[in-house]
>>> print(open('query_14.cif').read())   # mmCIF, C-alpha atoms (C1' of nucleotides)
data_run
#
loop_
_atom_site.label_atom_id
_atom_site.label_comp_id
_atom_site.auth_asym_id
_atom_site.auth_seq_id
_atom_site.Cartn_x
_atom_site.Cartn_y
_atom_site.Cartn_z
CA MET O 1 13.44 32.43 9.33
CA SER O 2 11.58 29.25 10.30
CA TYR O 3 8.64 27.48 8.69
CA SER O 4 5.86 25.10 9.68
CA ILE O 5 5.29 21.93 7.69
CA GLY O 6 2.27 23.57 6.07
CA GLU O 7 4.33 26.52 4.88
CA ILE O 8 7.00 24.26 3.41
CA ALA O 9 4.31 22.16 1.78
CA LYS O 10 2.78 25.22 0.19
CA ILE O 11 6.08 26.68 -1.01
CA MET O 12 7.28 23.37 -2.43
CA ASN O 13 3.83 22.44 -3.66
CA VAL O 14 4.06 19.01 -2.13
CA PRO O 15 1.55 17.51 0.32
CA ALA O 16 2.42 17.89 4.01
CA SER O 17 1.76 14.17 4.36
CA THR O 18 4.60 13.51 1.93
CA LEU O 19 6.97 15.64 4.00
CA ARG O 20 5.89 13.71 7.10
CA TYR O 21 6.50 10.49 5.24
CA TYR O 22 9.99 11.65 4.24
CA ASP O 23 10.68 12.62 7.82
CA LYS O 24 9.52 9.22 9.00
CA MET O 25 11.92 7.64 6.52
CA GLY O 26 14.70 9.70 8.12
CA LEU O 27 15.17 12.27 5.37
CA PHE O 28 15.02 15.26 7.73
CA PRO O 29 17.44 14.34 10.51
CA GLU O 30 18.06 17.98 11.40
CA VAL O 31 14.52 19.25 11.76
CA ARG O 32 13.74 20.14 15.37
CA ARG O 33 10.40 20.26 17.19
CA GLU O 34 8.49 22.94 19.07
CA ASN O 35 5.53 21.62 21.05
CA GLY O 36 5.82 18.48 18.98
CA ARG O 37 5.56 20.47 15.74
CA ARG O 38 8.29 20.26 13.11
CA VAL O 39 10.26 23.47 12.63
CA PHE O 40 11.97 23.88 9.25
CA GLU O 41 14.71 26.44 8.64
CA ASP O 42 15.95 28.31 5.58
CA LYS O 43 18.84 25.89 5.24
CA ASP O 44 16.34 23.08 4.76
CA PHE O 45 15.43 24.54 1.39
CA LYS O 46 18.95 23.79 0.30
CA TRP O 47 18.50 20.18 1.32
CA LEU O 48 15.05 20.01 -0.21
CA ARG O 49 16.53 21.16 -3.50
CA VAL O 50 19.07 18.35 -3.41
CA LEU O 51 16.45 15.91 -2.20
CA ASN O 52 14.30 16.96 -5.10
CA CYS O 53 17.15 16.22 -7.50
CA MET O 54 17.61 12.82 -5.99
CA LYS O 55 13.92 12.11 -6.39
CA ASN O 56 14.09 13.35 -9.96
CA ILE O 57 16.61 10.71 -10.85
CA LYS O 58 14.49 8.12 -9.06
CA MET O 59 17.06 7.47 -6.38
CA PRO O 60 15.21 5.25 -3.91
CA ILE O 61 14.52 6.68 -0.48
CA THR O 62 16.75 4.07 1.11
CA LYS O 63 19.67 5.27 -1.04
CA ILE O 64 19.00 8.88 -0.11
CA LYS O 65 18.91 7.83 3.53
CA GLU O 66 22.24 6.08 3.04
CA TYR O 67 23.76 9.33 1.79
CA LEU O 68 22.30 11.27 4.71
CA ASP O 69 23.64 8.74 7.19
CA LEU O 70 27.10 9.18 5.72
CA ALA O 71 26.76 12.95 5.96
CA GLN O 72 25.79 12.65 9.63
CA GLN O 73 29.04 10.81 10.34
CA GLY O 74 31.20 13.78 9.36
CA ASP O 75 34.52 14.09 7.56
CA THR O 76 35.45 10.40 7.69
CA THR O 77 32.81 9.66 5.06
CA LEU O 78 33.82 12.36 2.56
CA ARG O 79 35.19 9.88 0.03
CA ALA O 80 32.15 7.59 0.31
CA ARG O 81 29.84 10.54 -0.26
CA TYR O 82 31.97 11.69 -3.17
CA ASP O 83 31.72 8.25 -4.76
CA LEU O 84 27.97 8.15 -4.25
CA ILE O 85 27.49 11.60 -5.77
CA LEU O 86 29.74 10.80 -8.70
CA ALA O 87 27.84 7.60 -9.46
CA GLN O 88 24.58 9.52 -9.34
CA LYS O 89 25.93 12.26 -11.59
CA GLN O 90 26.85 9.62 -14.12
CA ALA O 91 23.41 8.07 -13.77
CA ILE O 92 21.82 11.42 -14.57
CA GLU O 93 24.04 11.87 -17.58
CA ALA O 94 23.09 8.44 -18.87
CA GLU O 95 19.45 9.24 -18.27
CA ILE O 96 19.69 12.53 -20.13
CA ALA O 97 21.36 10.78 -23.07
CA ASN O 98 18.60 8.22 -23.02
CA LEU O 99 15.85 10.83 -22.95
CA GLU O 100 17.59 12.62 -25.77
CA LYS O 101 17.11 9.52 -27.90
CA CYS O 102 13.47 9.40 -26.90
CA ARG O 103 13.06 13.03 -27.82
CA LYS O 104 14.33 12.21 -31.30
CA GLU O 105 11.92 9.31 -31.56
CA PHE O 106 9.04 11.62 -30.69
CA GLU O 107 10.35 14.26 -33.05
CA TYR O 108 10.13 11.69 -35.79
CA LYS O 109 6.58 10.81 -34.74
CA GLU O 110 5.68 14.48 -34.78
CA TRP O 111 6.90 14.76 -38.36
CA TYR O 112 5.13 11.51 -39.19
CA TYR O 113 1.75 12.78 -38.01
CA GLU O 114 2.22 16.26 -39.50
CA THR O 115 2.88 14.60 -42.82
CA ALA O 116 0.01 12.14 -42.44
CA ILE O 117 -2.44 14.91 -41.53
CA LYS O 118 -1.40 16.89 -44.61
CA ALA O 119 -1.85 13.80 -46.78
CA GLY O 120 -5.10 12.85 -45.06
CA THR O 121 -3.82 9.34 -44.44
CA GLU O 122 -0.85 7.69 -42.84
CA ALA O 123 -0.74 5.03 -45.55
CA VAL O 124 1.86 6.93 -47.57
CA VAL O 125 4.06 8.43 -44.86
CA GLU O 126 6.49 5.55 -44.40
CA ASN O 127 7.64 5.99 -48.01
CA ILE O 128 8.36 9.70 -47.79
CA THR O 129 12.01 10.19 -46.88
CA SER O 130 12.94 13.53 -48.41
CA THR O 131 11.59 15.62 -45.53
CA ALA O 132 11.84 13.01 -42.78
CA PRO O 133 13.99 13.75 -39.73
CA THR O 134 16.84 11.31 -39.33
CA LEU O 135 16.39 8.61 -36.75
CA GLU O 136 19.59 7.14 -35.41
CA ILE O 137 18.24 4.91 -32.75
CA ASP O 138 19.31 1.32 -32.20
CA GLN O 139 16.92 -1.41 -33.12
CA ILE O 140 17.38 -2.63 -29.59
CA PRO O 141 16.59 0.04 -26.97
CA SER O 142 19.79 1.10 -25.26
CA ASN O 143 18.53 0.76 -21.73
CA TYR O 144 17.56 -2.85 -22.33
CA LYS O 145 21.13 -3.64 -23.36
CA ASN O 146 23.33 -5.37 -20.79
CA LYS O 147 20.71 -4.82 -18.14
CA GLU O 148 21.93 -6.69 -15.06
CA ASP O 149 24.42 -8.97 -16.79
CA MET G 1 11.49 -13.17 -39.50
CA SER G 2 9.39 -14.12 -36.50
CA TYR G 3 10.28 -14.52 -32.85
CA SER G 4 9.00 -16.32 -29.78
CA ILE G 5 8.37 -14.44 -26.57
CA GLY G 6 11.57 -15.90 -25.15
CA GLU G 7 13.63 -14.63 -28.04
CA ILE G 8 12.17 -11.15 -27.76
CA ALA G 9 12.75 -11.24 -24.03
CA LYS G 10 16.38 -12.16 -24.55
CA ILE G 11 17.02 -9.55 -27.23
CA MET G 12 15.30 -6.79 -25.29
CA ASN G 13 16.68 -8.01 -21.99
CA VAL G 14 13.30 -7.84 -20.36
CA PRO G 15 11.54 -10.74 -18.58
CA ALA G 16 9.07 -12.70 -20.71
CA SER G 17 6.57 -12.24 -17.87
CA THR G 18 6.77 -8.50 -18.43
CA LEU G 19 6.01 -8.91 -22.11
CA ARG G 20 3.04 -11.12 -21.21
CA TYR G 21 1.91 -8.46 -18.77
CA TYR G 22 2.16 -5.79 -21.46
CA ASP G 23 0.21 -8.00 -23.81
CA LYS G 24 -2.44 -8.52 -21.17
CA MET G 25 -2.67 -4.74 -20.78
CA GLY G 26 -3.32 -4.55 -24.53
CA LEU G 27 0.06 -3.20 -25.61
CA PHE G 28 0.54 -5.80 -28.36
CA PRO G 29 -2.74 -5.73 -30.28
CA GLU G 30 -1.08 -7.01 -33.45
CA VAL G 31 0.76 -10.06 -32.15
CA ARG G 32 -0.78 -13.24 -33.51
CA ARG G 33 -0.76 -16.74 -32.08
CA GLU G 34 0.43 -20.11 -33.30
CA ASN G 35 -0.79 -23.04 -31.20
CA GLY G 36 -1.58 -20.51 -28.54
CA ARG G 37 1.99 -19.15 -28.57
CA ARG G 38 2.67 -15.50 -29.29
CA VAL G 39 4.45 -14.81 -32.55
CA PHE G 40 6.36 -11.53 -32.75
CA GLU G 41 7.53 -10.04 -36.05
CA ASP G 42 10.35 -7.72 -37.04
CA LYS G 43 7.96 -4.78 -37.12
CA ASP G 44 7.28 -5.34 -33.43
CA PHE G 45 10.81 -4.18 -32.65
CA LYS G 46 9.83 -0.83 -34.06
CA TRP G 47 6.88 -0.68 -31.71
CA LEU G 48 8.95 -1.96 -28.80
CA ARG G 49 11.39 0.87 -29.40
CA VAL G 50 8.57 3.41 -29.20
CA LEU G 51 7.04 1.58 -26.25
CA ASN G 52 10.40 1.74 -24.56
CA CYS G 53 10.50 5.50 -25.09
CA MET G 54 7.07 5.86 -23.61
CA LYS G 55 8.14 3.83 -20.59
CA ASN G 56 11.26 5.95 -20.31
CA ILE G 57 9.22 9.07 -19.86
CA LYS G 58 7.03 7.24 -17.35
CA MET G 59 3.94 7.39 -19.50
CA PRO G 60 1.47 5.18 -17.65
CA ILE G 61 0.40 1.98 -19.36
CA THR G 62 -3.17 3.26 -19.59
CA LYS G 63 -1.94 6.29 -21.57
CA ILE G 64 0.10 4.10 -23.90
CA LYS G 65 -2.97 1.95 -24.38
CA GLU G 66 -4.97 5.06 -25.19
CA TYR G 67 -2.51 5.91 -27.95
CA LEU G 68 -2.64 2.37 -29.32
CA ASP G 69 -6.43 2.41 -29.32
CA LEU G 70 -6.36 5.60 -31.36
CA ALA G 71 -3.88 4.04 -33.78
CA GLN G 72 -6.17 1.03 -34.21
CA GLN G 73 -8.97 3.32 -35.34
CA GLY G 74 -7.08 4.51 -38.41
CA ASP G 75 -6.83 7.85 -40.15
CA THR G 76 -9.72 9.53 -38.32
CA THR G 77 -7.57 9.75 -35.20
CA LEU G 78 -4.47 11.26 -36.81
CA ARG G 79 -4.94 14.63 -35.16
CA ALA G 80 -5.61 13.12 -31.73
CA ARG G 81 -2.46 11.03 -32.01
CA TYR G 82 -0.50 14.05 -33.17
CA ASP G 83 -1.67 16.00 -30.13
CA LEU G 84 -0.79 13.16 -27.80
CA ILE G 85 2.69 12.77 -29.30
CA LEU G 86 3.31 16.51 -29.22
CA ALA G 87 2.32 16.73 -25.56
CA GLN G 88 4.64 13.86 -24.76
CA LYS G 89 7.49 15.40 -26.72
CA GLN G 90 7.07 18.56 -24.68
CA ALA G 91 6.99 16.51 -21.50
CA ILE G 92 10.31 14.91 -22.44
CA GLU G 93 11.82 18.29 -23.19
CA ALA G 94 10.71 19.61 -19.81
CA GLU G 95 12.10 16.50 -18.16
CA ILE G 96 15.44 16.88 -19.92
CA ALA G 97 15.63 20.54 -18.84
CA ASN G 98 14.84 19.45 -15.33
CA LEU G 99 17.49 16.75 -15.30
CA GLU G 100 19.93 19.25 -16.70
CA LYS G 101 19.43 21.33 -13.57
CA CYS G 102 19.93 18.28 -11.42
CA ARG G 103 23.10 17.48 -13.28
CA LYS G 104 24.40 20.91 -12.36
CA GLU G 105 23.44 20.39 -8.75
CA PHE G 106 25.42 17.15 -8.69
CA GLU G 107 28.30 18.80 -10.50
CA TYR G 108 28.42 21.30 -7.69
CA LYS G 109 28.37 18.50 -5.13
CA GLU G 110 31.18 16.79 -6.98
CA TRP G 111 33.29 19.91 -6.73
CA TYR G 112 32.24 20.30 -3.09
CA TYR G 113 33.49 16.86 -2.13
CA GLU G 114 36.61 17.09 -4.24
CA THR G 115 37.47 20.29 -2.41
CA ALA G 116 36.53 18.88 0.97
CA ILE G 117 38.67 15.77 0.42
CA LYS G 118 41.66 17.93 -0.50
CA ALA G 119 41.13 20.05 2.58
CA GLY G 120 40.51 17.01 4.77
CA THR G 121 37.28 18.55 6.06
CA GLU G 122 34.11 19.97 4.65
CA ALA G 123 34.04 22.68 7.27
CA VAL G 124 35.75 25.20 5.01
CA VAL G 125 34.24 24.37 1.61
CA GLU G 126 31.16 26.60 1.77
CA ASN G 127 33.42 29.65 1.96
CA ILE G 128 35.54 28.85 -1.07
CA THR G 129 34.05 30.52 -4.12
CA SER G 130 37.00 31.15 -6.42
CA THR G 131 36.96 27.63 -7.93
CA ALA G 132 33.31 26.76 -7.30
CA PRO G 133 31.08 25.90 -10.26
CA THR G 134 28.19 28.31 -10.63
CA LEU G 135 24.83 27.12 -9.42
CA GLU G 136 21.87 28.85 -10.96
CA ILE G 137 19.06 26.82 -9.53
CA ASP G 138 15.87 28.24 -8.08
CA GLN G 139 15.36 28.09 -4.37
CA ILE G 140 12.11 26.31 -5.14
CA PRO G 141 12.53 23.19 -7.27
CA SER G 142 11.04 23.82 -10.69
CA ASN G 143 8.95 20.71 -10.85
CA TYR G 144 7.22 21.59 -7.61
CA LYS G 145 6.10 24.92 -9.04
CA ASN G 146 2.47 25.23 -10.12
CA LYS G 147 2.01 21.51 -9.68
CA GLU G 148 -1.68 20.80 -10.20
CA ASP G 149 -3.01 24.33 -9.69
"C1'" DT F 1 -15.14 29.00 27.36
"C1'" DA F 2 -15.82 27.00 23.01
"C1'" DT F 3 -14.55 26.53 18.43
"C1'" DT F 4 -11.38 26.55 14.73
"C1'" DG F 5 -7.25 25.54 12.12
"C1'" DA F 6 -3.03 23.57 11.92
"C1'" DC F 7 -0.51 20.43 13.58
"C1'" DT F 8 0.57 15.35 15.65
"C1'" DT F 9 0.62 9.92 15.38
"C1'" DA F 10 0.10 4.95 14.01
"C1'" DA F 11 -1.96 2.16 11.05
"C1'" DA F 12 -4.41 0.93 7.17
"C1'" DG F 13 -5.33 1.72 2.29
"C1'" DT F 14 -3.99 2.81 -2.62
"C1'" DT F 15 -1.62 2.73 -6.97
"C1'" DT F 16 1.37 1.11 -10.45
"C1'" DA F 17 3.94 -2.11 -12.46
"C1'" DC F 18 5.36 -5.86 -12.36
"C1'" DT F 19 6.65 -10.95 -10.49
"C1'" DT F 20 5.68 -15.37 -8.86
"C1'" DT F 21 3.11 -19.49 -8.55
"C1'" DA F 22 0.68 -23.42 -9.94
"C1'" DA F 23 -1.34 -26.08 -13.12
"C1'" DC F 24 -1.43 -27.13 -17.86
"C1'" DT F 25 -0.06 -27.70 -23.26
"C1'" DT F 26 2.97 -28.52 -26.99
"C1'" DG F 27 7.05 -29.64 -29.98
"C1'" DT F 28 11.35 -31.85 -30.02
"C1'" DA F 29 15.01 -34.96 -28.49
"C1'" DT F 30 16.26 -39.53 -26.38
"C1'" DA R 1 7.01 -43.54 -25.06
"C1'" DT R 2 8.78 -40.29 -22.18
"C1'" DA R 3 11.02 -36.52 -20.58
"C1'" DC R 4 12.39 -31.83 -21.17
"C1'" DA R 5 12.26 -27.03 -22.56
"C1'" DA R 6 9.51 -23.43 -23.53
"C1'" DG R 7 5.40 -21.81 -23.96
"C1'" DT R 8 0.26 -20.87 -21.86
"C1'" DT R 9 -3.27 -18.99 -18.11
"C1'" DA R 10 -5.51 -16.90 -13.94
"C1'" DA R 11 -4.70 -15.42 -9.71
"C1'" DA R 12 -2.11 -14.18 -5.93
"C1'" DG R 13 1.98 -11.80 -4.19
"C1'" DT R 14 5.42 -7.97 -3.95
"C1'" DA R 15 7.63 -3.38 -3.59
"C1'" DA R 16 7.90 1.45 -3.42
"C1'" DA R 17 6.02 5.62 -2.50
"C1'" DC R 18 2.86 7.70 -1.05
"C1'" DT R 19 -2.22 8.86 0.82
"C1'" DT R 20 -5.94 8.51 3.83
"C1'" DT R 21 -8.09 7.84 8.16
"C1'" DA R 22 -9.04 8.32 12.87
"C1'" DA R 23 -8.08 10.03 17.04
"C1'" DG R 24 -5.79 13.38 19.53
"C1'" DT R 25 -2.93 18.08 20.91
"C1'" DC R 26 -2.41 22.91 21.07
"C1'" DA R 27 -2.61 28.12 20.37
"C1'" DA R 28 -5.36 31.63 18.96
"C1'" DT R 29 -9.65 33.80 18.11
"C1'" DA R 30 -15.09 34.55 18.66
#
>>> encode(input="query_14.cif", output="structure tokens")
Amino acid sequence: MSYSIGEIAKIMNVPASTLRYYDKMGLFPEVRRENGRRVFEDKDFKWLRVLNCMKNIKMPITKIKEYLDLAQQGDTTLRARYDLILAQKQAIEAEIANLEKCRKEFEYKEWYYETAIKAGTEAVVENITSTAPTLEIDQIPSNYKNKED
Amino acid sequence: MSYSIGEIAKIMNVPASTLRYYDKMGLFPEVRRENGRRVFEDKDFKWLRVLNCMKNIKMPITKIKEYLDLAQQGDTTLRARYDLILAQKQAIEAEIANLEKCRKEFEYKEWYYETAIKAGTEAVVENITSTAPTLEIDQIPSNYKNKED
DNA sequence: TATTGACTTAAAGTTTACTTTAACTTGTAT
DNA sequence: ATACAAGTTAAAGTAAACTTTAAGTCAATA
């Protein structure tokens, strides 16, 4: 099964112009042309899924390209690709841990406003501790710590 | 205890210029001045922690400002702030779930390359299923689904 | 045959979030 | 008194990731 850029765009719910931009940046080295038109294959969904993950963790396009270039070189780059993937996996894990802290912060805020709404004012909320969710977040945000030292 | 912009910058490991930029965008409505210099207080760390969370979930500065403006208006905006916080909490949760899927994708890749390195080639890896981690990810990336419909 | 819709390109424009620059002020140390 | 460090501003510059525009190609339908 093959797909036009418009079909891919529709399925992935991403503008065709974005896919063209990605292609221009070298993120679709395998996609062939028919009468100048891009022809996507089923296997490209697999790559798009990975690409999507990489975008999710804010991996810059240049880094994604780097990975693709390694992949194009075949088995000699297996270790390099492994290292890259491992580093990214760890980055995701750190990011999840970080977001988990944020979730707790917002959970506290949720309780704070629920309590304030019940009381009609937020003036008293800071003193109420009996029903307050526990916050165990550093005074100093974790992702500011040791940033580029 | 009060702090200069440089001290805050150092503690938070963020450039002073960024803090000035945030201030310019209205994100520090409470910070007073002494001889024209900004004076930060201990309570500002609390706000900086929340601000940091909001940045973490990529809440645009305009949205953060919106929240702050509501807060400045006092108790009449409690519900509006509650709604905003709740929506953001849900956004974080969705984001965490999303990253969780990505983590699995990278876990699979990790296994893939480990296996390929052992075999000396990636040619055979796709066929090995006995030791492969399970991937239960949609063909279509979840965050592309129903995007702005 | 003419029009339409979906594609193509290069190049310019947009957005967000800073970052840098340049010129200036102020408090402290020599 | 003078120099230095650390602060101030407005305004211009930067970077990344798109998005839009304008002009053109091509296959299929009216």
>>> atom_distance(input="query_14.cif", atom1="CA of Lys58 in chain G", atom2="C1' of DT16 in chain F")
10.8 Å
>>> atom_distance(input="query_14.cif", atom1="CA of Glu30 in chain O", atom2="CA of Arg49 in chain O")
15.3 Å
>>> resolve_selection(input="query_14.cif", expression="the PyMOL selection byres ((chain O) within 12 of (chain R))", output="PyMOL selection string")
chain O and resi 14-22+25+34-37+55+58-62
>>> atom_distance(input="query_14.cif", atom1="CA of Lys24 in chain G", atom2="C1' of DA17 in chain F")
12.6 Å
>>> resolve_selection(input="query_14.cif", expression="the PyMOL selection byres ((chain O) within 7 of (chain G))", output="number ranges by chain")
O: 12-14, 45, 49, 52-53, 75, 78-79, 82, 85-86, 89, 92, 96, 99, 102-103, 106, 109-110, 113, 117, 121-122, 139-141, 144-145, 147
>>> closest_residue(input="query_14.cif", among="F:DT19, F:DA6, F:DT26, F:DT14", to="chain O", atoms="all atoms listed in the file")
F:DA6
>>> closest_residue(input="query_14.cif", among="O:Arg38, O:Leu68, O:Arg32, O:Thr115", to="chain F", atoms="all atoms listed in the file")
O:Arg38
>>> resolve_selection(input="query_14.cif", expression="the PyMOL selection byres ((chain F) within 12 of (chain O))", output="PyMOL selection string")
chain F and resi 5-10
